[in-house]
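Below is one structure; the comments refer to it alone.
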Amino acid sequence: MGLLKGIDPLLTADLLHILRSMGHGDKLCVCDCNFPASSISKDVTSGKHIILSVSLPEALKAICSVLPLDFFESSQASYMAPQDGVEMAPAGLEVVDAIENAIFDYCPDAKVDPIERFAFYDEAKTCFAVIQTLERRPYGNVILKKGCVGGDGKDLKP
């Protein structure tokens, strides 16, 4: 395995291939270690389930360092939220903050919205691929919407 200059070493050849194969409007599910990634990945466009042996924020920072987000949508990312009647655990609130911070590091204008837990599972099945991390905090799951790279090399915005 050789490293590349300017590319986060967490971005494996398989993951880079997935990110490059995605087109604008495609979605990527980045999930925790408890997410049913293997079964969900049977329904995603590429059929791919890649495991990264890092936390969710580490994976998101690496991915967001190269993945343009879709600013032609009302939100650029969505995280899993509890179903009605269930309160988000403190560790869940902590991971949501970490999700937003990781995304905002590369895309400060991004909007990150919650999706109810069961709706998130359905949305994950419409993704291009599933990237599973070693994240153990509850609700450590996010869907990123791929956008376009503009002429200035940054995320294309309307």
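Here's how to read the names in the structure tokens: chain A, B, ... by the order shown, residue numbers from 1 in each chain, ligand numbers from 1 in the order shown.
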List every residue of segment 4-122 of chain A that DSSP, applied to the backbone of this structure, assigns to strand (DSSP E or B), and report them as a PyMOL selection string.
chain A and resi 27-31+48-51+69+77-81+112-116
Can you spit out the residues from that selection as a PDB file, in the first residue's frame, using C-alpha atoms?
```pdb
ATOM      1  CA  LYS A  27     -25.372   9.696  -1.408  1.00  0.00           C
ATOM      2  CA  LEU A  28     -22.851   8.018   0.887  1.00  0.00           C
ATOM      3  CA  CYS A  29     -23.775   6.368   4.188  1.00  0.00           C
ATOM      4  CA  VAL A  30     -21.032   6.598   6.836  1.00  0.00           C
ATOM      5  CA  CYS A  31     -22.086   4.589   9.866  1.00  0.00           C
ATOM      6  CA  LYS A  48     -20.145  -1.956  -1.532  1.00  0.00           C
ATOM      7  CA  HIS A  49     -19.570  -2.113   2.222  1.00  0.00           C
ATOM      8  CA  ILE A  50     -16.167  -0.749   3.241  1.00  0.00           C
ATOM      9  CA  ILE A  51     -14.913  -0.949   6.826  1.00  0.00           C
ATOM     10  CA  LEU A  69     -21.181  18.357  -1.008  1.00  0.00           C
ATOM     11  CA  ALA A  77     -25.958  15.789   5.082  1.00  0.00           C
ATOM     12  CA  SER A  78     -28.347  13.990   7.414  1.00  0.00           C
ATOM     13  CA  TYR A  79     -27.723  12.179  10.682  1.00  0.00           C
ATOM     14  CA  MET A  80     -29.762   9.469  12.377  1.00  0.00           C
ATOM     15  CA  ALA A  81     -32.084  10.732  15.122  1.00  0.00           C
ATOM     16  CA  VAL A 112     -26.929  18.909   8.524  1.00  0.00           C
ATOM     17  CA  ASP A 113     -30.459  17.703   9.284  1.00  0.00           C
ATOM     18  CA  PRO A 114     -31.807  14.870  11.444  1.00  0.00           C
ATOM     19  CA  ILE A 115     -33.631  11.883   9.960  1.00  0.00           C
ATOM     20  CA  GLU A 116     -35.762   9.652  12.192  1.00  0.00           C
TER      21      GLU A 116
END
```
Expected answer as a short mmCIF file (atom, residue, chain, number, x, y, z; two decimals) with N, CA, C and O atoms, in the first residue's frame: helix (DSSP H, G or I) residues in chain A:
```
data_model
loop_
_atom_site.label_atom_id
_atom_site.label_comp_id
_atom_site.auth_asym_id
_atom_site.auth_seq_id
_atom_site.Cartn_x
_atom_site.Cartn_y
_atom_site.Cartn_z
N ALA A 13 -7.63 2.79 -1.28
CA ALA A 13 -7.88 2.72 -2.72
C ALA A 13 -9.35 2.39 -3.00
O ALA A 13 -9.97 2.98 -3.89
N ASP A 14 -9.91 1.46 -2.24
CA ASP A 14 -11.32 1.09 -2.43
C ASP A 14 -12.25 2.27 -2.14
O ASP A 14 -13.21 2.51 -2.87
N LEU A 15 -11.95 3.00 -1.08
CA LEU A 15 -12.80 4.15 -0.73
C LEU A 15 -12.66 5.27 -1.76
O LEU A 15 -13.66 5.86 -2.17
N LEU A 16 -11.44 5.55 -2.20
CA LEU A 16 -11.25 6.56 -3.24
C LEU A 16 -11.99 6.18 -4.52
O LEU A 16 -12.58 7.03 -5.19
N HIS A 17 -11.97 4.90 -4.85
CA HIS A 17 -12.68 4.43 -6.04
C HIS A 17 -14.19 4.69 -5.89
O HIS A 17 -14.84 5.16 -6.84
N ILE A 18 -14.74 4.41 -4.71
CA ILE A 18 -16.16 4.68 -4.45
C ILE A 18 -16.46 6.17 -4.61
O ILE A 18 -17.39 6.57 -5.31
N LEU A 19 -15.64 7.02 -3.97
CA LEU A 19 -15.88 8.46 -4.01
C LEU A 19 -15.79 9.01 -5.43
O LEU A 19 -16.57 9.87 -5.82
N ARG A 20 -14.83 8.50 -6.21
CA ARG A 20 -14.69 8.95 -7.60
C ARG A 20 -15.79 8.41 -8.49
O ARG A 20 -16.17 9.05 -9.48
N SER A 21 -16.32 7.25 -8.16
CA SER A 21 -17.38 6.64 -8.97
C SER A 21 -18.73 7.30 -8.75
O SER A 21 -19.61 7.23 -9.62
N ALA A 37 -24.82 -2.54 8.43
CA ALA A 37 -24.15 -2.17 7.18
C ALA A 37 -24.13 -3.30 6.16
O ALA A 37 -24.31 -3.08 4.96
N SER A 38 -23.89 -4.51 6.61
CA SER A 38 -23.80 -5.63 5.69
C SER A 38 -25.12 -5.87 4.97
O SER A 38 -25.15 -6.05 3.75
N SER A 39 -26.22 -5.84 5.72
CA SER A 39 -27.52 -6.08 5.07
C SER A 39 -27.97 -4.87 4.24
O SER A 39 -28.50 -5.05 3.15
N ILE A 40 -27.72 -3.66 4.74
CA ILE A 40 -28.10 -2.45 3.98
C ILE A 40 -27.31 -2.37 2.67
O ILE A 40 -27.84 -1.99 1.63
N LEU A 56 -15.99 7.62 13.72
CA LEU A 56 -16.80 8.32 12.72
C LEU A 56 -16.23 9.70 12.37
O LEU A 56 -16.08 10.02 11.19
N PRO A 57 -15.87 10.53 13.38
CA PRO A 57 -15.32 11.85 13.02
C PRO A 57 -14.04 11.76 12.19
O PRO A 57 -13.85 12.56 11.26
N GLU A 58 -13.18 10.81 12.50
CA GLU A 58 -11.95 10.65 11.71
C GLU A 58 -12.28 10.29 10.26
O GLU A 58 -11.69 10.83 9.33
N ALA A 59 -13.22 9.36 10.09
CA ALA A 59 -13.63 8.96 8.74
C ALA A 59 -14.25 10.13 7.99
O ALA A 59 -13.94 10.37 6.82
N LEU A 60 -15.14 10.87 8.66
CA LEU A 60 -15.80 12.01 8.01
C LEU A 60 -14.80 13.08 7.60
O LEU A 60 -14.92 13.65 6.50
N LYS A 61 -13.83 13.37 8.44
CA LYS A 61 -12.83 14.38 8.09
C LYS A 61 -12.06 13.95 6.85
O LYS A 61 -11.83 14.77 5.95
N ALA A 62 -11.67 12.68 6.78
CA ALA A 62 -10.94 12.20 5.62
C ALA A 62 -11.83 12.28 4.36
O ALA A 62 -11.39 12.78 3.32
N ILE A 63 -13.06 11.81 4.46
CA ILE A 63 -13.97 11.81 3.31
C ILE A 63 -14.29 13.24 2.87
O ILE A 63 -14.22 13.57 1.68
N CYS A 64 -14.61 14.10 3.83
CA CYS A 64 -14.98 15.48 3.49
C CYS A 64 -13.80 16.29 2.97
O CYS A 64 -14.01 17.35 2.36
N PRO A 90 -27.06 11.23 25.91
CA PRO A 90 -25.95 12.19 25.92
C PRO A 90 -24.82 11.82 24.95
O PRO A 90 -24.28 12.69 24.26
N ALA A 91 -24.49 10.54 24.86
CA ALA A 91 -23.44 10.12 23.92
C ALA A 91 -23.88 10.34 22.48
O ALA A 91 -23.06 10.62 21.60
N GLY A 92 -25.18 10.24 22.22
CA GLY A 92 -25.71 10.53 20.89
C GLY A 92 -25.57 12.00 20.54
O GLY A 92 -25.19 12.36 19.42
N LEU A 93 -25.87 12.86 21.52
CA LEU A 93 -25.71 14.31 21.30
C LEU A 93 -24.24 14.65 21.02
O LEU A 93 -23.94 15.48 20.17
N GLU A 94 -23.37 13.95 21.74
CA GLU A 94 -21.93 14.15 21.56
C GLU A 94 -21.49 13.77 20.14
O GLU A 94 -20.73 14.49 19.49
N VAL A 95 -22.00 12.64 19.64
CA VAL A 95 -21.59 12.20 18.31
C VAL A 95 -22.19 13.09 17.22
O VAL A 95 -21.55 13.34 16.19
N VAL A 96 -23.40 13.61 17.45
CA VAL A 96 -23.99 14.55 16.47
C VAL A 96 -23.12 15.81 16.38
O VAL A 96 -22.86 16.32 15.29
N ASP A 97 -22.66 16.32 17.53
CA ASP A 97 -21.75 17.47 17.52
C ASP A 97 -20.47 17.15 16.75
O ASP A 97 -19.98 17.97 15.97
N ALA A 98 -19.95 15.93 16.96
CA ALA A 98 -18.73 15.52 16.27
C ALA A 98 -18.96 15.40 14.76
O ALA A 98 -18.08 15.76 13.96
N ILE A 99 -20.14 14.92 14.37
CA ILE A 99 -20.49 14.83 12.95
C ILE A 99 -20.48 16.22 12.33
O ILE A 99 -19.86 16.46 11.29
N GLU A 100 -21.19 17.13 12.97
CA GLU A 100 -21.28 18.50 12.44
C GLU A 100 -19.91 19.16 12.38
O GLU A 100 -19.57 19.79 11.38
N ASN A 101 -19.12 19.01 13.43
CA ASN A 101 -17.78 19.62 13.44
C ASN A 101 -16.89 19.07 12.34
O ASN A 101 -16.16 19.83 11.69
N ALA A 102 -16.94 17.76 12.11
CA ALA A 102 -16.12 17.15 11.06
C ALA A 102 -16.52 17.67 9.68
O ALA A 102 -15.68 17.99 8.85
N ILE A 103 -17.83 17.79 9.44
CA ILE A 103 -18.32 18.30 8.15
C ILE A 103 -17.98 19.78 8.01
O ILE A 103 -17.48 20.22 6.97
N PHE A 104 -18.21 20.56 9.06
CA PHE A 104 -17.99 22.01 9.01
C PHE A 104 -16.51 22.36 8.85
O PHE A 104 -16.20 23.43 8.34
N ASP A 105 -15.60 21.46 9.26
CA ASP A 105 -14.16 21.70 9.06
C ASP A 105 -13.85 21.93 7.58
O ASP A 105 -12.98 22.71 7.23
N TYR A 106 -14.55 21.21 6.70
CA TYR A 106 -14.30 21.31 5.25
C TYR A 106 -15.40 22.05 4.51
O TYR A 106 -15.20 22.47 3.38
N ARG A 117 -34.85 7.54 12.93
CA ARG A 117 -34.09 6.29 12.83
C ARG A 117 -34.57 5.35 11.72
O ARG A 117 -33.78 4.90 10.90
N PHE A 118 -35.85 5.02 11.68
CA PHE A 118 -36.33 4.05 10.69
C PHE A 118 -36.34 4.64 9.28
O PHE A 118 -36.08 3.93 8.30
N ALA A 119 -36.59 5.92 9.16
CA ALA A 119 -36.50 6.59 7.86
C ALA A 119 -35.04 6.61 7.39
O ALA A 119 -34.77 6.52 6.20
N PHE A 120 -34.10 6.72 8.34
CA PHE A 120 -32.67 6.71 7.99
C PHE A 120 -32.30 5.37 7.35
O PHE A 120 -31.57 5.34 6.37
N TYR A 121 -32.78 4.26 7.92
CA TYR A 121 -32.49 2.94 7.33
C TYR A 121 -32.97 2.89 5.88
O TYR A 121 -32.26 2.40 5.00
N ASP A 122 -34.17 3.39 5.64
CA ASP A 122 -34.71 3.39 4.27
C ASP A 122 -33.86 4.28 3.36
O ASP A 122 -33.57 3.91 2.22
N GLU A 123 -33.47 5.45 3.86
CA GLU A 123 -32.64 6.38 3.07
C GLU A 123 -31.27 5.77 2.78
O GLU A 123 -30.72 5.93 1.69
N ALA A 124 -30.72 5.04 3.75
CA ALA A 124 -29.40 4.42 3.57
C ALA A 124 -29.42 3.42 2.41
O ALA A 124 -28.42 3.27 1.70
#
```
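With only C-alpha atoms as the atoms that count, the minimum distance from His24 of chain A to the choices A:Leu67, A:Gly151, A:Glu135, A:Pro82 is reached by A:Leu67.
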Leaving out Phe72 of chain A and any residue of its chain fewer than 5 positions from it, which residues lie within 12 Å of it when counting only C-alpha atoms, given as a PyMOL selection string?
chain A and resi 24-25+110-111+145-148+155-158
Output of the above residues as a short mmCIF file (atom, residue, chain, number, x, y, z; two decimals), in the first residue's frame, restricted to N, CA and C atoms:
```cif
data_model
loop_
_atom_site.label_atom_id
_atom_site.label_comp_id
_atom_site.auth_asym_id
_atom_site.auth_seq_id
_atom_site.Cartn_x
_atom_site.Cartn_y
_atom_site.Cartn_z
N HIS A 24 -22.79 13.53 -8.99
CA HIS A 24 -23.50 14.51 -8.17
C HIS A 24 -24.92 14.01 -7.93
N GLY A 25 -25.35 14.19 -6.69
CA GLY A 25 -26.66 13.69 -6.28
C GLY A 25 -26.61 12.32 -5.63
N ALA A 110 -22.34 24.09 5.22
CA ALA A 110 -23.21 22.93 5.08
C ALA A 110 -24.35 22.95 6.10
N LYS A 111 -25.46 22.36 5.70
CA LYS A 111 -26.59 22.18 6.61
C LYS A 111 -26.73 20.68 6.85
N LYS A 145 -24.44 13.95 0.86
CA LYS A 145 -24.91 14.09 -0.53
C LYS A 145 -23.79 14.69 -1.36
N LYS A 146 -23.36 13.95 -2.37
CA LYS A 146 -22.25 14.42 -3.20
C LYS A 146 -22.71 15.51 -4.16
N GLY A 147 -21.89 16.56 -4.22
CA GLY A 147 -22.15 17.65 -5.15
C GLY A 147 -21.14 17.66 -6.28
N CYS A 148 -20.82 18.84 -6.76
CA CYS A 148 -19.89 19.03 -7.87
C CYS A 148 -18.72 19.91 -7.42
N ASP A 155 -16.50 23.31 -3.58
CA ASP A 155 -17.86 22.86 -3.77
C ASP A 155 -18.64 23.87 -4.60
N LEU A 156 -19.31 23.40 -5.65
CA LEU A 156 -20.10 24.26 -6.51
C LEU A 156 -21.36 24.68 -5.76
N LYS A 157 -21.65 25.97 -5.76
CA LYS A 157 -22.84 26.50 -5.07
C LYS A 157 -23.66 27.32 -6.05
N PRO A 158 -24.99 27.33 -5.85
CA PRO A 158 -25.85 28.11 -6.77
C PRO A 158 -25.59 29.60 -6.65
#
```
For a test of reading the model, state the distance in Å between atom CA of Asp32 of chain A and atom CA of Leu134 of chain A, rounded to one decimal.
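We find that atom CA of Asp32 of chain A and atom CA of Leu134 of chain A lie 6.0 Å from each other.
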Go ahead and compute the interatomic distance for atom CA of Met22 of chain A and atom CA of Lys42 of chain A, in Å to one decimal.
17.0 Å
In Å, how far is it from atom CA of Pro108 of chain A to atom CA of Gln76 of chain A?
11.1 Å
